[in-house]
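Trainee: Pasting a structure here, questions to come.
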Amino acid sequence: MRSIPGRWLLCGVASFGFAGAPAFAQDTQPAGTQPAPGQPAPAPSTVQTGGLGDIIVTARRKSENLQSVPVAVSVVSQAEIETKGTFSPVNLAESTPGLSVNASVSDRNNLTYSIRGQGFAFETLFPAVITYYAEVPVTQLTTGQFFDLQDVQVLRGPQGVEFGRVTDGGNVMVNPKRPTNDFGGYVQAKLGNYNLHTFTGALNLPLVSDKVLVRGAFEIGRRDGFTKDIATGKDLDNIDYESYRLGIILRPTDSIENYTSVSYQHTHDNGTGTVFTNLRSSAVLSGTAGLFAGFGGLYGIDRVGNVGFTGGVPNAQYSTPLTPANYLASLQSQLAQQQALGPRKVAYNSPNYDRRDNLFIANQTTFHVTDEIDIKNIFGYVNVKDDEASNYAASNGQYVLTCHGACGTGLPFNSQEQFSDELRVSGKMLDNKLSWSLGGYMDKQDPAGREFENDTINLGILRRTNVQYSTTKSKAVYGSAEYEIIDHLKVTGGLRYTHDTVSSITNTYLAPNGFPPSPAVPAIPHGQCQDYNGPLGPSPCLSFNEHFNATTWMAGLSYEFGPRQLVYAKVSRGYRPGGVNGSGTGSDVDYKPEFDRSIEVGIKSDWQLGGDVALRTNLALYTDNYTSIQKLVQENVGGVPVAIIRNIGGAHVKGVEFEGTLVPIHGLTLGATFDYTDAKYKKPSGYNPAADAACDPTAAAITNLNSPVGFCFANPFSYTPKFQYSFTANYAFELPNDRGTVAVGGRYYHQSREALTDFSRLEPEAVEPGYGLLDLDLTWKKAFGKPLDFSVFVNNVANKLYRIGVNGSLAQSSIGIAASIYAPPRMWGVSARWSFGGEAR
């Protein structure tokens, strides 16, 4: 798995398809609908329930009506995605209660998904929220992959039984459009400010009716960046990608169907514009004093603040002596310059780019054995490569320069391969009163035999190269059943056993940057794990192997007290595997699994209030009790600050989630979502934050003598706003003389303050204040009675300035510098789409 930046620095009711989108967006194929083998693909859904359309979800690995499934799940439609100029997973939070998606560690494409307070702690191998493509777990889900989709489904809470990889937070599932039996397709173009030009298209070909169906789709996206690097002239935060997708359905017999989906994406943008926001002078002076005393005389500083090797010989370019005071003065000058430039300009001349290649292959084979029994196998292959260079400290001087391959080796930052397979047998018995399933799952993730590394330059002169190659394997068996005890009253249960293994080899090489190789300063063995004896001391190649077992389960009751009216209660246990710390020693080498016991009650209701007035209200209340929760902690070992993962204890998360839609008159759709999350860590007996160095930004060091576990239990949960809510309004009306349908819509989203790091007590400015966003859109569908759609969109209408990521390193015990990643400014544009064949209907 990829090495995580904490170590580089310190070691040296659904979001309905028509809510937030035009009201006619419901006239698409139901979400997640999958035809039985040998049967034609279903026609687009036109089923109405008093003005509310049916929404089909696969939250329990089978197609069910949203209002009948006892699971908290939200759905985002392709129509809603189209209201954004360039859709990012960050936008999912605007329509999904309990979800937060944020950028991390100097790259807005490195995203952290959090649901109900649980997400991803840096250094851990496994996130609490798993992303899926066509039912296959994937490791990267970014901008450029949200086109030609059936939908996106967000499942909240532990998925501890039936889903591929077990987790304790939830799932984000991307479902591509499947081939159908109708010839057709579309082409679409979007144009907008910042030179946005995106082209999308799809072609559906029934090569052999009902037997061989093919669908191909593509999206090519370009947009100038909204952050200007005045030192290099580059536009940072731009968009530059090509994505391609191919789906094939084969039905050799009436009872067998094979569906394959292949997705490939190539991203090659200019990287993320991290913005220098603050500096702690005392931390800079103390952090550089020892290193500069030993090697500073061999380096100098140039006029823009960069550090270069001089060998102690006078150098016209690097003419300023490298001392802690001179280095600090350079950083202070750069901070003043950045404050004058504002958040949309930077002035560092380091390499900056992001090149990614993502290949996802999903193969689903379904055998319809009898009318009561189905067998399904899901095979997945994922291959991702990430070659990136960024500037973590957002400044010249290589204070923390995350240059990776651009440091000189050309090796990528990350390269991973994953194979997975799941076999599932499901059926019904006892006059369909009993539904059951049995299955097994396995996956393997490894480095794909390729060299990659985390190569950085720190404190101006320290070359720090981390090599960590990890292989993880997971095997599981599970079973579940649902029985209708009496009419409309059902009991549900499930059990799963999982065995995980983690094998890792790692080393971190430290050497003065720019030194010619010699016996005293041997060359760093880039891309390899070897014992190394450098001028800063020996570092052996370490090997770790760990095994983890877990039993997870789920039990619940549900009762349908009316048509599309359901009340349910369930209790479940989730699990996140443990792992190894590449930079740990002794008892810090491994960290143990994390567990969650969740209790959830909910009610889903559709109401017909007379005439055309219809109301849908979905409400969920939950409480989660976490034990052995995994968090990144800061400690001082041998005088060196390090960041490692530890099981810090427990946490309690409780909340309320609401989603509703109202159709008061024909053509008008109103929507609302609300989320309240109360998340707190369980404090040790007698705990006093004032006495814990992990809570004190001015503490020089965090040790086991002045902090219980190196973690402040008064920290707010990261990426967890206490309140989130949104309001949507859409009005659609027919133009006379069959000239089409016009819809005008808007969404207002608001969230309360949010901690953008686990260490916000050490860096209070890492807490982003609450903010609100307004989006507007207007669509003319089937313009002039032709298969033409036109739309206009404006996102972030008020041009709100807010952050979606910080580096979290301002404390005295850290490196004393802060940088932020800002969300896009106001974006507007127009789009045109021409459809043909079946897509035109």
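By convention in this document, the chains of the structure tokens carry letters A, B, ... by their order, each chain's residues are numbered from 1, and ligands are numbered from 1 in the order they are shown.
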Write out as a short mmCIF file (atom, residue, chain, number, x, y, z; two decimals) with C-alpha atoms, in the first residue's frame each polymer residue whose atoms come within 8 Å of range 386-400 of chain A, counting only C-alpha atoms; drop sequence neighbours fewer than 4 positions from it.

Mentor:
data_model
loop_
_atom_site.label_atom_id
_atom_site.label_comp_id
_atom_site.auth_asym_id
_atom_site.auth_seq_id
_atom_site.Cartn_x
_atom_site.Cartn_y
_atom_site.Cartn_z
CA LEU A 9 7.11 14.84 7.80
CA VAL A 105 -1.79 15.72 2.11
CA SER A 106 -1.10 18.29 -0.62
CA ASP A 107 -3.16 16.59 -3.35
CA GLY A 271 -1.16 19.25 -9.49
CA THR A 272 -2.67 20.92 -6.45
CA GLY A 273 -2.08 24.50 -5.35
CA THR A 274 -1.30 24.24 -1.64
CA VAL A 275 -1.35 27.66 -0.01
CA PHE A 276 1.12 28.72 2.74
CA ILE A 301 19.98 29.87 0.18
CA VAL A 304 13.72 33.00 -3.66
CA GLY A 305 14.44 30.79 -0.66
CA ASN A 306 15.54 27.51 -2.23
CA VAL A 307 18.42 25.60 -0.67
CA TYR A 327 16.19 29.96 6.86
CA LEU A 331 10.13 31.43 5.24
CA GLN A 334 7.51 33.96 1.76
CA VAL A 346 1.20 30.97 -5.04
CA ALA A 347 4.89 31.65 -5.65
CA TYR A 348 6.93 28.45 -5.42
CA ASN A 349 8.97 27.07 -8.28
CA SER A 350 9.08 23.41 -7.26
CA PRO A 351 7.81 20.64 -9.57
CA ASN A 352 4.05 20.11 -9.39
CA TYR A 353 2.01 17.54 -11.29
CA ASP A 354 -0.31 14.56 -10.88
CA ARG A 355 -0.32 11.65 -13.32
CA ARG A 356 -2.58 8.72 -12.59
CA ASP A 357 -3.57 5.58 -14.44
CA HIS A 404 8.63 11.96 -5.25
CA GLY A 405 9.64 11.00 -8.80
CA ALA A 406 10.54 14.62 -9.58
CA LEU A 411 9.87 6.44 -9.74
CA PRO A 412 6.13 6.76 -9.10
CA PHE A 413 4.71 7.52 -5.69
CA ASN A 414 2.41 4.52 -5.64
CA SER A 415 1.67 1.43 -7.71
CA THR A 456 10.96 13.81 -0.22
CA ILE A 457 13.33 16.58 0.82
CA ASN A 458 12.86 17.91 4.35
CA LEU A 459 14.27 20.78 6.40
CA GLY A 460 16.03 22.13 3.35
CA ILE A 461 18.82 19.54 3.15
CA ASN A 807 -1.50 19.65 6.26
CA ILE A 817 4.26 25.14 9.17
CA ALA A 818 0.69 25.14 7.83
CA ALA A 819 -0.72 24.95 4.31
#

Trainee: Could you pull out the residues in range 570-723 of chain A that DSSP calls strand (DSSP E or B) from the backbone, as a PyMOL selection string?

Mentor: chain A and resi 570-576+579-580+590-591+594-608+614-627+630-637+640-647+651-663+668-681+718+723

Trainee: Write out as a PyMOL selection string the residues lying within 9 Å of range 108-116 of chain A, counting only C-alpha atoms and excluding same-chain residues fewer than 3 positions away.

Mentor: chain A and resi 89-90+97-105+119-121+127-131+140-143+155-157+169-172+237+271-273+354+624+653-655+677-679+718-720+804-805+821

Trainee: Could you write those residues out with N, CA and C atoms, as a compact mmCIF listing (two decimals), in the first residue's frame?

Mentor:
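Written file, again.txt:
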# COMPACT_ATOMS: atom_id res chain seq x y z
N PRO A 89 -15.92 13.83 -6.20
CA PRO A 89 -16.53 13.11 -5.08
C PRO A 89 -16.81 14.01 -3.88
N VAL A 90 -16.07 15.12 -3.76
CA VAL A 90 -16.34 16.07 -2.67
C VAL A 90 -17.79 16.53 -2.72
N PRO A 97 -26.56 12.91 3.62
CA PRO A 97 -26.33 13.18 5.05
C PRO A 97 -25.35 12.20 5.66
N GLY A 98 -24.48 12.71 6.51
CA GLY A 98 -23.53 11.85 7.21
C GLY A 98 -22.25 11.59 6.46
N LEU A 99 -22.14 12.06 5.20
CA LEU A 99 -20.94 11.83 4.39
C LEU A 99 -20.12 13.10 4.29
N SER A 100 -18.80 12.96 4.41
CA SER A 100 -17.88 14.05 4.18
C SER A 100 -16.74 13.52 3.32
N VAL A 101 -16.36 14.29 2.30
CA VAL A 101 -15.26 13.91 1.41
C VAL A 101 -14.30 15.09 1.33
N ASN A 102 -13.03 14.85 1.67
CA ASN A 102 -12.07 15.94 1.76
C ASN A 102 -10.75 15.56 1.10
N ALA A 103 -10.02 16.58 0.67
CA ALA A 103 -8.68 16.38 0.12
C ALA A 103 -7.69 16.21 1.27
N SER A 104 -6.55 15.62 0.95
CA SER A 104 -5.57 15.38 2.00
C SER A 104 -4.15 15.46 1.45
N VAL A 105 -3.24 15.76 2.33
CA VAL A 105 -1.79 15.72 2.11
C VAL A 105 -1.35 16.24 0.75
N GLY A 119 -13.60 7.38 8.85
CA GLY A 119 -13.01 7.55 7.53
C GLY A 119 -11.69 6.86 7.39
N PHE A 120 -10.63 7.64 7.23
CA PHE A 120 -9.31 7.09 6.97
C PHE A 120 -8.29 7.79 7.84
N ALA A 121 -7.59 7.05 8.69
CA ALA A 121 -6.51 7.61 9.48
C ALA A 121 -5.21 7.38 8.72
N PRO A 127 -9.26 1.78 4.80
CA PRO A 127 -10.18 2.85 5.20
C PRO A 127 -11.44 2.27 5.84
N ALA A 128 -12.14 3.13 6.56
CA ALA A 128 -13.42 2.72 7.16
C ALA A 128 -14.56 2.79 6.16
N VAL A 129 -14.37 3.54 5.08
CA VAL A 129 -15.38 3.64 4.02
C VAL A 129 -14.77 3.08 2.74
N ILE A 130 -15.40 2.07 2.18
CA ILE A 130 -14.90 1.39 0.99
C ILE A 130 -15.61 1.94 -0.24
N THR A 131 -14.86 2.24 -1.30
CA THR A 131 -15.44 2.65 -2.57
C THR A 131 -15.51 1.45 -3.50
N GLN A 140 -9.10 3.97 -5.72
CA GLN A 140 -9.09 5.37 -6.10
C GLN A 140 -10.38 5.70 -6.86
N LEU A 141 -11.10 6.68 -6.35
CA LEU A 141 -12.34 7.12 -6.98
C LEU A 141 -12.30 8.64 -7.00
N THR A 142 -12.00 9.21 -8.18
CA THR A 142 -11.72 10.63 -8.27
C THR A 142 -12.49 11.27 -9.41
N THR A 143 -12.27 12.57 -9.59
CA THR A 143 -12.87 13.32 -10.69
C THR A 143 -12.54 12.64 -12.02
N LEU A 155 -24.02 3.84 1.26
CA LEU A 155 -24.56 3.05 2.36
C LEU A 155 -23.90 3.51 3.64
N ARG A 156 -24.70 3.84 4.63
CA ARG A 156 -24.19 4.39 5.87
C ARG A 156 -24.23 3.34 6.97
N GLY A 157 -23.15 3.27 7.72
CA GLY A 157 -23.06 2.33 8.83
C GLY A 157 -22.25 1.10 8.46
N GLY A 169 -17.54 1.64 8.50
CA GLY A 169 -18.03 2.98 8.24
C GLY A 169 -19.16 3.03 7.23
N GLY A 170 -18.95 2.40 6.08
CA GLY A 170 -19.97 2.42 5.04
C GLY A 170 -19.34 2.20 3.67
N ASN A 171 -20.16 2.30 2.64
CA ASN A 171 -19.73 2.07 1.26
C ASN A 171 -20.18 3.23 0.36
N VAL A 172 -19.36 3.54 -0.63
CA VAL A 172 -19.74 4.43 -1.72
C VAL A 172 -19.63 3.61 -3.00
N ASP A 237 -4.36 23.27 -9.94
CA ASP A 237 -5.77 22.90 -9.71
C ASP A 237 -6.55 22.90 -11.02
N GLY A 271 -1.26 19.43 -10.92
CA GLY A 271 -1.16 19.25 -9.49
C GLY A 271 -1.97 20.26 -8.70
N THR A 272 -1.85 20.15 -7.39
CA THR A 272 -2.67 20.92 -6.45
C THR A 272 -1.92 22.16 -5.97
N GLY A 273 -2.64 23.27 -5.89
CA GLY A 273 -2.08 24.50 -5.35
C GLY A 273 -2.26 24.56 -3.84
N ASP A 354 0.37 15.76 -11.34
CA ASP A 354 -0.31 14.56 -10.88
C ASP A 354 -0.66 13.72 -12.10
N ASP A 624 -23.22 4.44 17.56
CA ASP A 624 -22.09 3.55 17.28
C ASP A 624 -21.12 3.58 18.45
N VAL A 653 -20.32 7.53 18.82
CA VAL A 653 -20.88 8.38 17.78
C VAL A 653 -22.38 8.13 17.72
N LYS A 654 -23.16 9.19 17.76
CA LYS A 654 -24.60 9.05 17.62
C LYS A 654 -25.11 10.16 16.73
N GLY A 655 -26.25 9.91 16.09
CA GLY A 655 -26.73 10.93 15.16
C GLY A 655 -28.13 10.68 14.64
N THR A 677 -24.50 14.83 13.81
CA THR A 677 -23.54 13.82 14.25
C THR A 677 -22.84 14.30 15.51
N ASP A 678 -22.95 13.53 16.57
CA ASP A 678 -22.29 13.83 17.84
C ASP A 678 -21.25 12.75 18.06
N ALA A 679 -19.97 13.09 17.84
CA ALA A 679 -18.88 12.11 17.92
C ALA A 679 -17.88 12.54 18.98
N SER A 718 -12.21 14.17 13.18
CA SER A 718 -11.87 14.80 11.90
C SER A 718 -12.91 14.48 10.85
N TYR A 719 -13.10 15.42 9.91
CA TYR A 719 -13.99 15.26 8.76
C TYR A 719 -15.43 14.93 9.19
N THR A 720 -15.85 15.52 10.30
CA THR A 720 -17.18 15.20 10.84
C THR A 720 -17.88 16.47 11.29
N ILE A 804 -10.86 22.54 1.83
CA ILE A 804 -11.23 21.12 1.87
C ILE A 804 -10.06 20.25 2.34
N GLY A 805 -8.96 20.86 2.73
CA GLY A 805 -7.82 20.09 3.23
C GLY A 805 -6.76 20.99 3.84
N ILE A 821 -5.59 23.54 1.30
CA ILE A 821 -6.12 23.29 -0.03
C ILE A 821 -7.52 23.90 -0.08

Trainee: Show me, as JSON, numbers by chain, the residues that have an atom within 8 Å of range 211-222 of chain A when counting only C-alpha atoms, minus same-chain residues fewer than 3 positions from it.

Mentor: {"A": [38, 144, 147, 148, 178, 179, 180, 181, 195, 196, 197, 198, 199, 200, 201, 202, 203, 204, 205, 206, 207, 208, 238, 239, 240, 241, 242, 243, 244, 245, 246, 247, 248, 249, 250, 251, 252]}

Trainee: Output C-alpha atoms for every residue in that selection, as a tab-separated table (two decimals), in the first residue's frame.

Mentor:
chain	number	residue	atom	x	y	z
A	38	GLY	CA	-32.11	-14.48	-20.41
A	144	GLY	CA	-13.35	11.96	-14.21
A	147	PHE	CA	-19.99	9.76	-16.25
A	148	ASP	CA	-22.53	7.47	-17.94
A	178	ARG	CA	-25.19	-1.49	-18.32
A	179	PRO	CA	-25.72	-2.34	-21.99
A	180	THR	CA	-29.37	-2.59	-23.05
A	181	ASN	CA	-31.24	-4.17	-25.95
A	195	ASN	CA	-11.78	27.42	-20.19
A	196	LEU	CA	-13.85	24.38	-19.23
A	197	HIS	CA	-14.41	22.04	-22.15
A	198	THR	CA	-15.57	18.51	-21.45
A	199	PHE	CA	-16.81	16.01	-24.01
A	200	THR	CA	-18.82	12.90	-23.13
A	201	GLY	CA	-20.42	10.23	-25.25
A	202	ALA	CA	-21.85	6.73	-25.23
A	203	LEU	CA	-22.90	4.14	-27.79
A	204	ASN	CA	-25.15	1.15	-27.04
A	205	LEU	CA	-25.03	-1.75	-29.51
A	206	PRO	CA	-27.23	-4.88	-29.26
A	207	LEU	CA	-25.02	-7.02	-31.52
A	208	VAL	CA	-27.24	-10.06	-31.03
A	238	ASN	CA	-6.59	22.36	-13.38
A	239	ILE	CA	-8.47	19.43	-14.93
A	240	ASP	CA	-6.87	17.21	-17.57
A	241	TYR	CA	-8.06	13.62	-17.99
A	242	GLU	CA	-9.36	11.00	-20.41
A	243	SER	CA	-11.68	8.24	-19.25
A	244	TYR	CA	-13.00	5.26	-21.22
A	245	ARG	CA	-15.45	2.53	-20.36
A	246	LEU	CA	-16.65	-0.65	-22.05
A	247	GLY	CA	-19.52	-2.88	-20.92
A	248	ILE	CA	-20.40	-6.27	-22.45
A	249	ILE	CA	-23.29	-8.59	-21.59
A	250	LEU	CA	-23.25	-12.16	-22.88
A	251	ARG	CA	-26.24	-14.47	-22.44
A	252	PRO	CA	-25.29	-17.84	-23.94

Trainee: Report as a PyMOL selection string all protein, DNA and RNA residues lying within 6 Å of range 743-746 of chain A, evaluated on only C-alpha atoms, omitting residues in the same chain fewer than 6 positions from it.

Mentor: chain A and resi 22+728-732+775-779

Trainee: Restricting it to C-alpha atoms, dump the selection as a PDB file, in the first residue's frame.

Mentor:
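Ended up saving to selection_10.pdb:
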ATOM      1  CA  PRO A  22     -34.476  18.629 -13.055  1.00  0.00           C
ATOM      2  CA  THR A 728     -33.519  21.832  -3.133  1.00  0.00           C
ATOM      3  CA  ALA A 729     -36.239  23.245  -5.358  1.00  0.00           C
ATOM      4  CA  ASN A 730     -36.980  22.273  -8.950  1.00  0.00           C
ATOM      5  CA  TYR A 731     -39.812  23.356 -11.190  1.00  0.00           C
ATOM      6  CA  ALA A 732     -40.441  21.759 -14.586  1.00  0.00           C
ATOM      7  CA  ASP A 775     -25.915  25.979  -6.940  1.00  0.00           C
ATOM      8  CA  LEU A 776     -28.378  26.887  -9.720  1.00  0.00           C
ATOM      9  CA  ASP A 777     -29.227  25.161 -12.987  1.00  0.00           C
ATOM     10  CA  LEU A 778     -31.648  25.458 -15.885  1.00  0.00           C
ATOM     11  CA  THR A 779     -32.308  22.682 -18.399  1.00  0.00           C
TER      12      THR A 779
END

Trainee: Could you name the residues that touch Lys84 in chain A at 8 Å or less, counting only C-alpha atoms, but leaving out those on the same chain fewer than 6 positions away, as a compact mmCIF listing (two decimals) with C-alpha atoms, in the first residue's frame?

Mentor:
# COMPACT_ATOMS: atom_id res chain seq x y z
CA PHE A 793 -25.30 25.78 -14.52
CA VAL A 794 -23.67 27.93 -11.85
CA ASN A 795 -21.89 26.29 -8.91

Trainee: So that I can check the surroundings of range 615-617 of chain A, please list as a list of chain:residue names every protein, DNA and RNA residue that reaches within 10 Å of it, counting only C-alpha atoms and ignoring chain neighbours fewer than 5 positions away.

Mentor: A:Val13, A:Ala14, A:Thr49, A:Gly50, A:Gly51, A:Leu52, A:Gln67, A:Arg564, A:Gln565, A:Ile603, A:Lys604, A:Ser605, A:Asp606, A:Trp607, A:Gln608, A:Leu609, A:Phe658, A:Glu659, A:Gly660, A:Thr661, A:Leu662, A:Val663, A:Pro664, A:Thr669, A:Leu670, A:Gly671, A:Ala672, A:Thr673

Trainee: Store the residues of this selection in a file with C-alpha atoms, as a PDB file, in the first residue's frame.

Mentor:
ATOM      1  CA  VAL A  13     -33.836   8.937   2.753  1.00  0.00           C
ATOM      2  CA  ALA A  14     -32.123   8.945  -0.626  1.00  0.00           C
ATOM      3  CA  THR A  49     -46.327   6.972  -6.687  1.00  0.00           C
ATOM      4  CA  GLY A  50     -48.391  10.083  -6.462  1.00  0.00           C
ATOM      5  CA  GLY A  51     -45.619  12.126  -8.074  1.00  0.00           C
ATOM      6  CA  LEU A  52     -42.712  10.212  -6.495  1.00  0.00           C
ATOM      7  CA  GLN A  67     -38.629   2.422   0.555  1.00  0.00           C
ATOM      8  CA  ARG A 564     -44.020   2.063   0.859  1.00  0.00           C
ATOM      9  CA  GLN A 565     -44.056   2.651   4.596  1.00  0.00           C
ATOM     10  CA  ILE A 603     -38.692   4.874   9.327  1.00  0.00           C
ATOM     11  CA  LYS A 604     -39.322   5.297   5.598  1.00  0.00           C
ATOM     12  CA  SER A 605     -42.658   6.594   4.396  1.00  0.00           C
ATOM     13  CA  ASP A 606     -44.376   7.751   1.225  1.00  0.00           C
ATOM     14  CA  TRP A 607     -47.488   9.836   1.879  1.00  0.00           C
ATOM     15  CA  GLN A 608     -50.294  10.758  -0.511  1.00  0.00           C
ATOM     16  CA  LEU A 609     -51.732  13.985   0.879  1.00  0.00           C
ATOM     17  CA  PHE A 658     -33.276  12.849   7.471  1.00  0.00           C
ATOM     18  CA  GLU A 659     -34.101  12.962   3.769  1.00  0.00           C
ATOM     19  CA  GLY A 660     -37.376  14.188   2.366  1.00  0.00           C
ATOM     20  CA  THR A 661     -39.076  15.127  -0.874  1.00  0.00           C
ATOM     21  CA  LEU A 662     -42.334  17.033  -1.334  1.00  0.00           C
ATOM     22  CA  VAL A 663     -44.333  17.428  -4.557  1.00  0.00           C
ATOM     23  CA  PRO A 664     -46.884  20.131  -3.632  1.00  0.00           C
ATOM     24  CA  THR A 669     -40.306  19.183  -6.409  1.00  0.00           C
ATOM     25  CA  LEU A 670     -38.886  20.304  -3.080  1.00  0.00           C
ATOM     26  CA  GLY A 671     -36.220  18.376  -1.201  1.00  0.00           C
ATOM     27  CA  ALA A 672     -34.393  18.557   2.107  1.00  0.00           C
ATOM     28  CA  THR A 673     -31.651  16.634   3.906  1.00  0.00           C
TER      29      THR A 673
END

Trainee: Just the number, please: distance in Å from CA of Arg344 in chain A to CA of Lys722 in chain A, one decimal.

Mentor: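 If I compute the distance from CA of Arg344 in chain A to CA of Lys722 in chain A, I get 28.6 Å.
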
Trainee: Run DSSP on the backbone and give me the residues of range 315-474 of chain A it puts in alpha helix (DSSP H), as a PyMOL selection string.

Mentor: chain A and resi 324-341

Trainee: With C-alpha atoms retained, export the selected residues as a PDB file, in the first residue's frame.

Mentor:
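Output file part-v8.pdb follows:
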ATOM      1  CA  PRO A 324      18.366  28.505  11.244  1.00  0.00           C
ATOM      2  CA  ALA A 325      17.913  32.291  11.477  1.00  0.00           C
ATOM      3  CA  ASN A 326      18.434  32.885   7.740  1.00  0.00           C
ATOM      4  CA  TYR A 327      16.189  29.958   6.857  1.00  0.00           C
ATOM      5  CA  LEU A 328      13.430  31.242   9.146  1.00  0.00           C
ATOM      6  CA  ALA A 329      13.746  34.749   7.691  1.00  0.00           C
ATOM      7  CA  SER A 330      13.290  33.319   4.200  1.00  0.00           C
ATOM      8  CA  LEU A 331      10.129  31.435   5.241  1.00  0.00           C
ATOM      9  CA  GLN A 332       8.750  34.520   7.007  1.00  0.00           C
ATOM     10  CA  SER A 333       9.314  36.587   3.858  1.00  0.00           C
ATOM     11  CA  GLN A 334       7.510  33.964   1.758  1.00  0.00           C
ATOM     12  CA  LEU A 335       4.574  33.871   4.178  1.00  0.00           C
ATOM     13  CA  ALA A 336       4.225  37.653   3.948  1.00  0.00           C
ATOM     14  CA  GLN A 337       4.325  37.420   0.158  1.00  0.00           C
ATOM     15  CA  GLN A 338       1.665  34.678   0.177  1.00  0.00           C
ATOM     16  CA  GLN A 339      -0.614  36.717   2.427  1.00  0.00           C
ATOM     17  CA  ALA A 340      -0.329  39.601  -0.033  1.00  0.00           C
ATOM     18  CA  LEU A 341      -1.091  37.326  -3.001  1.00  0.00           C
TER      19      LEU A 341
END

Trainee: Could you tell me how far CA of Gly192 in chain A sits from CA of Ser820 in chain A, in Å to one decimal place?

Mentor: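 Separation of CA of Ser820 in chain A and CA of Gly192 in chain A: 25.9 Å.
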
Trainee: Nearest residue to Thr698 in chain A out of A:Thr86, A:Gly602, A:Asn65, A:Gln812, using only C-alpha atoms?

Mentor: A:Gln812

Trainee: When distances are computed from only C-alpha atoms, which of A:Asn737, A:Val76, A:Arg60, A:Arg597 shows the smallest separation from Ser437 in chain A?

Mentor: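 Smallest separation from Ser437 in chain A among the options: A:Arg60.
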